[in-house]
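Trainee: My structure is below; once you've seen it, I'll send some questions.
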Amino acid sequence: MYLILQGHDYRYAAEQMLLTLFPEERPEYLQGLLPPGENAAVLTLTERVGTLAARAELTWRGGHFAGEDSAPVPGSDGPLERDRVCQRILKLAFYRAGVAALGKEPPWGALTGVRPVKIPTRAMERGASPEEAERQLRETYRVSPGRAELAMDCAKASLRAKASLKPDEVSLYIGIPFCPTRCAYCSFVSADVGRALQLLSPFLDVLLQEVDAAAAQLKRSGCFVRTIYVGGGTPTTLSAGQLEALLGRVEERFDLSRCSEYTVEAGRPDTITAEKLAVLRRRGVERVSVNPQTMRDAVLTAMGRSHTAGDILHAFALVREAGFPCVNMDLIAGLPQDTPEGFCASLDQVLALGPENITVHTLALKKGSRLMGDGSGEGPALPSADDVEAMLSYAWSALRAHGLVPYYLYRQKYMSGSFENVGWTRPGWESLYNICMMEELHTILSLGGGGVTKLVDPVTGRIQRIANPKYPHEYVGSLEKLLRGKRQAADFLAGLPRTI
């Protein structure tokens with residue numbers, strides 16, 4: 001769809017709303033006259049007598065639609081606040097025109113960001129009641145009642161998590177970018193271990209040096225580790241000996257006296273063994289993920305997994321026998337060759353196992369994944385948005401009926417039906433790391449391949465990011481860059497106030 005901006009250059013805001021309303025469209029900008037019959041949105045911003053006004057004129061499939069919104073010009077809050085207001089009214093004007101064209105509203109209304117929970121959380125921190133915060137979601141942003149309820153549950157969990165944190169605490173993330181095979185939906189930078197086996201040992205050598213440096217710098221900053229999350233990729237692609245070397249070094253170098261949560265993504269059942277699980281338990285890990293994504297063998301094959309649903313059941317039994325008190329399991333709604341009936345049956349099987357956490361993802365078509373195709377032909381057939389909505393609706397009712405509640409959520413671009421990913425938990429088993437990461441509550445110090453350190457200023461909310469090299473071969477050759485990043489993080493943390 002062509003986007004024509006008049007009186008402003010808020011391209012990002014326009015593109016966000018385009019993807020929300022018309023996820024199959026991609027933005028284009030005119031170099032000349034608009035070709036006849038093309039879909040287009042003309043977004044105009046004007047200012048008159050203290051009022052900012054936005055208007056959207058939309059041409060869609062031969063029809064013409066319009067939407068408007070306005071707001072007072074901000075007072076003395078500066079240019080950033082003016083930008084926020086301008087972007088909000090432009091989005092709402094575009095939204096109203098789009099809804100008129102489509103004849104329906106998206107599930108998240110006019111919200112375009114990946115973290116919708118921040119809106120009610122901030123409202124309640126400013127003194128709004130839960131009822132007022134939810135009403136803002138429904139009336140200002142046109143969020144559907146079901147999604148507003150999800151956001152409010154997660155906002156309350158976020159506020160509880162924030163209240164439990166101390167100013168001198170951070171979370172630690174360790175990225176292991178290796179997997180047994182690459183799933184069709186995956187765009188993460190992870191190496192197929194069958195082709196990158198020779199990189200595992202040098203990768204671990206550099207990672208151990210990064211662990212040493214991070215621990216020393218964290219001690220210098222006067223901060224402590226509150227949660228640890230070892231993700232990937234699939235960390236249990238490492239051998240038992242390699243896991244012992246890594247987790248043993250973490251335990252030796254870091255002060256873990258305040259660590260209240262330690263997670264390792266076991267993830268793929270074809271990487272889980274009793275020997276590896278014994279290492280994790282011995283080193284203090286209490287939460288693991290066993291992620292089936294589906295319990296249907298045909299869907300597992302279609303997504304590029306080399307294991308069966310039976311392997312998942314065996315892996316889960318091993319985890320329980322090893323004594324882990326908290327297990328997370330992931331499912332994905334919208335996988336190729338899946339159906340609402342198949343997804344519901346998968347969820348029922350997972351619920352019968354009784355994990356403490358269940359994360360329900362919606363398939364997101366990401367650049368770099370095989371599901372996006374290579375342009376040589378049609379991609380695989382995927383469930384429709386209506387089918388995905390049926391899957392998620394069943395998940396909501398079934399999970400709540402089994403006593404689980406939502407505690408964190410986020411959205412992604414190109415997500416089927418413009419839905420969401422939601423973490424569900426039995427009360428008392430919320431993953432603090434997941435909430436801190438998604439809601440950006442405090443600093444996340446990241447190690448390993450593809451890790452991104454997020455330095456969070458608790459006073460201003462400003463976030464600085466320091467990215468580790470993505471690819472294993474780049475990571476192995478970047479030790480000095482890694483050490484420099486850890487020094488930068490320590491300098492930042494040392495300068496933060498210890499009371500807020």
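By convention here, the chains of the structure tokens are called A, B, ... in the order presented, each chain's residues are numbered starting at 1, and ligands are numbered starting at 1 in the order presented.
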Extract, using only C-alpha atoms, all DNA, RNA and protein residues at most 9 Å from Arg258 (chain A), discarding same-chain residues fewer than 2 positions from it, and format them as a list in words.
Mentor: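 My list of contacting residues is Glu169, Phe224, Val225, Arg226, Thr227, Asp255, Leu256 and Ser260 of chain A.
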Trainee: Would you mind writing down, as number ranges by chain, each residue of region 111-278 of chain A that DSSP on the backbone assigns to alpha helix (DSSP H)?
Mentor: A: 118-125, 130-139, 145-164, 193-221, 240-253, 274-278
Trainee: Smallest atom-to-atom distance to Pro180 (chain A): which of A:Arg88, A:His307, A:Arg220, A:Lys276, using only C-alpha atoms?
Mentor: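 Smallest separation from Pro180 (chain A) among the options: A:His307.
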Trainee: Write down as JSON, numbers by chain the residues belonging to region 202-397 of chain A that are assigned strand (DSSP E or B) by DSSP computed on the backbone.
Mentor: {"A": [224, 225, 226, 227, 228, 229, 230, 231, 232, 261, 262, 263, 264, 265, 266, 267, 287, 288, 289, 290, 293, 326, 327, 328, 329, 330, 331, 332, 333, 357, 358, 359, 360, 361, 362, 364]}
Trainee: So that I have them on file, write out the residues from the current selection with N, CA and C atoms, as a compact mmCIF listing (two decimals), in the first residue's frame.
Mentor:
```txt
# COMPACT_ATOMS: atom_id res chain seq x y z
N PHE A 224 23.89 -7.22 42.13
CA PHE A 224 23.71 -8.64 42.38
C PHE A 224 22.78 -9.25 41.33
N VAL A 225 22.94 -10.54 41.11
CA VAL A 225 22.09 -11.28 40.17
C VAL A 225 20.80 -11.70 40.87
N ARG A 226 19.65 -11.32 40.29
CA ARG A 226 18.36 -11.72 40.84
C ARG A 226 17.78 -12.93 40.12
N THR A 227 17.90 -12.97 38.80
CA THR A 227 17.44 -14.13 38.03
C THR A 227 18.46 -14.46 36.96
N ILE A 228 18.49 -15.74 36.57
CA ILE A 228 19.35 -16.21 35.48
C ILE A 228 18.47 -16.95 34.47
N TYR A 229 18.72 -16.67 33.20
CA TYR A 229 17.99 -17.35 32.12
C TYR A 229 18.99 -17.77 31.06
N VAL A 230 19.12 -19.07 30.84
CA VAL A 230 20.00 -19.59 29.79
C VAL A 230 19.11 -20.01 28.63
N GLY A 231 19.21 -19.26 27.52
CA GLY A 231 18.33 -19.50 26.39
C GLY A 231 19.12 -19.72 25.11
N GLY A 232 18.42 -19.62 23.98
CA GLY A 232 19.11 -19.92 22.73
C GLY A 232 18.30 -19.53 21.52
N GLU A 261 15.69 -17.19 40.97
CA GLU A 261 15.11 -17.95 39.85
C GLU A 261 16.22 -18.28 38.86
N TYR A 262 16.28 -19.54 38.46
CA TYR A 262 17.35 -20.00 37.56
C TYR A 262 16.70 -20.91 36.51
N THR A 263 16.65 -20.42 35.28
CA THR A 263 15.98 -21.13 34.19
C THR A 263 16.98 -21.56 33.13
N VAL A 264 16.80 -22.77 32.61
CA VAL A 264 17.52 -23.22 31.42
C VAL A 264 16.49 -23.77 30.43
N GLU A 265 16.56 -23.29 29.19
CA GLU A 265 15.68 -23.83 28.15
C GLU A 265 16.22 -25.18 27.69
N ALA A 266 15.57 -26.25 28.13
CA ALA A 266 15.90 -27.55 27.57
C ALA A 266 15.28 -27.65 26.18
N GLY A 267 14.10 -27.07 26.06
CA GLY A 267 13.50 -26.85 24.74
C GLY A 267 13.24 -28.12 23.97
N ARG A 287 14.07 -24.23 37.11
CA ARG A 287 13.02 -24.08 36.11
C ARG A 287 13.60 -24.45 34.74
N VAL A 288 12.92 -25.33 34.01
CA VAL A 288 13.34 -25.70 32.66
C VAL A 288 12.16 -25.61 31.72
N SER A 289 12.46 -25.46 30.45
CA SER A 289 11.43 -25.45 29.41
C SER A 289 11.55 -26.71 28.57
N VAL A 290 10.45 -27.37 28.38
CA VAL A 290 10.34 -28.49 27.43
C VAL A 290 9.28 -28.04 26.42
N GLN A 293 5.71 -27.26 21.09
CA GLN A 293 5.09 -26.42 20.06
C GLN A 293 3.82 -27.05 19.51
N CYS A 326 9.68 -26.56 38.64
CA CYS A 326 8.92 -25.71 37.72
C CYS A 326 9.29 -26.06 36.28
N VAL A 327 8.27 -26.37 35.49
CA VAL A 327 8.47 -26.72 34.08
C VAL A 327 7.58 -25.82 33.24
N ASN A 328 8.16 -25.25 32.18
CA ASN A 328 7.40 -24.50 31.19
C ASN A 328 7.28 -25.33 29.92
N MET A 329 6.13 -25.24 29.25
CA MET A 329 5.95 -25.87 27.94
C MET A 329 5.34 -24.85 26.99
N ASP A 330 5.88 -24.79 25.77
CA ASP A 330 5.41 -23.86 24.74
C ASP A 330 4.55 -24.57 23.72
N LEU A 331 3.51 -23.86 23.26
CA LEU A 331 2.73 -24.28 22.11
C LEU A 331 2.63 -23.09 21.15
N ILE A 332 2.45 -23.39 19.86
CA ILE A 332 2.31 -22.33 18.86
C ILE A 332 1.00 -22.52 18.11
N ALA A 333 0.18 -21.49 18.12
CA ALA A 333 -1.06 -21.49 17.33
C ALA A 333 -0.77 -20.97 15.94
N ASN A 357 4.04 -23.75 34.06
CA ASN A 357 3.91 -22.66 33.10
C ASN A 357 3.58 -23.22 31.73
N ILE A 358 2.69 -22.56 31.01
CA ILE A 358 2.42 -22.88 29.60
C ILE A 358 2.44 -21.56 28.83
N THR A 359 3.28 -21.48 27.81
CA THR A 359 3.33 -20.29 26.98
C THR A 359 2.66 -20.60 25.65
N VAL A 360 1.66 -19.80 25.29
CA VAL A 360 0.94 -19.98 24.04
C VAL A 360 1.37 -18.86 23.08
N HIS A 361 2.14 -19.24 22.07
CA HIS A 361 2.60 -18.30 21.05
C HIS A 361 1.64 -18.31 19.87
N THR A 362 1.61 -17.21 19.15
CA THR A 362 0.97 -17.16 17.84
C THR A 362 2.07 -17.12 16.80
N ALA A 364 4.47 -16.18 14.10
CA ALA A 364 4.87 -14.93 13.46
C ALA A 364 5.74 -15.28 12.26
```
Trainee: With only C-alpha atoms as the counted atoms, please give the residues lying no more than 7 Å from region 200-204 of chain A, apart from itself and same-chain residues fewer than 3 positions off, as a PyMOL selection string.
Mentor: chain A and resi 197+207-208+472+476
Trainee: Using only C-alpha atoms, which residues sit within 10 Å of Asn468 (chain A) once same-chain residues fewer than 3 positions away are excluded, as a list of chain:residue names?
Mentor: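 Here the answer would be A:Gly175, A:Ser446, A:Leu447, A:Gly448, A:Gly449, A:Gly450, A:Gly451, A:Val452, A:Thr453, A:Arg465, A:Tyr471, A:Glu474, A:Tyr475, A:Ser478, A:Leu479, A:Lys481, A:Leu482, A:Gly485.
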Trainee: Quick one: residues within 7 Å of region 338-340 of chain A, only C-alpha atoms, excluding same-chain residues fewer than 3 positions away - as a ChimeraX atom specification?
Mentor: /A:299,334-335,343-344,383,387,390-391
Trainee: Compile the contact shell of region 89-99 of chain A as a ChimeraX atom specification: residues with an atom at most 8 Å away, counting only C-alpha atoms, same-chain residues fewer than 6 positions apart removed.
Mentor: /A:13-14,17,21,41,43-45,53-58,65-71,105,110
Trainee: Compare A:Pro469, A:Ala215, A:Arg122, A:His64 by their minimum atom-to-atom distance to Glu252 (chain A), counting only C-alpha atoms, and give me the closest one.
Mentor: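 Closest to Glu252 (chain A), using only C-alpha atoms: A:Ala215.
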Trainee: For CA of His473 (chain A) and CA of Leu280 (chain A), quote the distance in Å rounded to one decimal.
Mentor: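 Here the two named atoms are 26.4 Å from each other.
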Trainee: Extract, using only C-alpha atoms, all DNA, RNA and protein residues at most 8 Å from region 310-319 of chain A, discarding same-chain residues fewer than 4 positions from it, and format them as a VMD selection string.
Mentor: chain A and resid 269 to 270 272 to 274 277 290 292 323 to 324
Trainee: What is the CA of Tyr394 (chain A)-CA of Pro145 (chain A) distance in Å, reported with one decimal?
Mentor: 16.0 Å
Trainee: Nearest residue to Leu351 (chain A) out of A:Val388, A:Ala100, A:Met295, A:Ala155, using only C-alpha atoms?
Mentor: A:Met295
Trainee: Please indicate the distance in Å from CA of Pro458 (chain A) to CA of Glu440 (chain A), rounded to one decimal place.
Mentor: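 Between CA of Pro458 (chain A) and CA of Glu440 (chain A) the gap is 9.7 Å.
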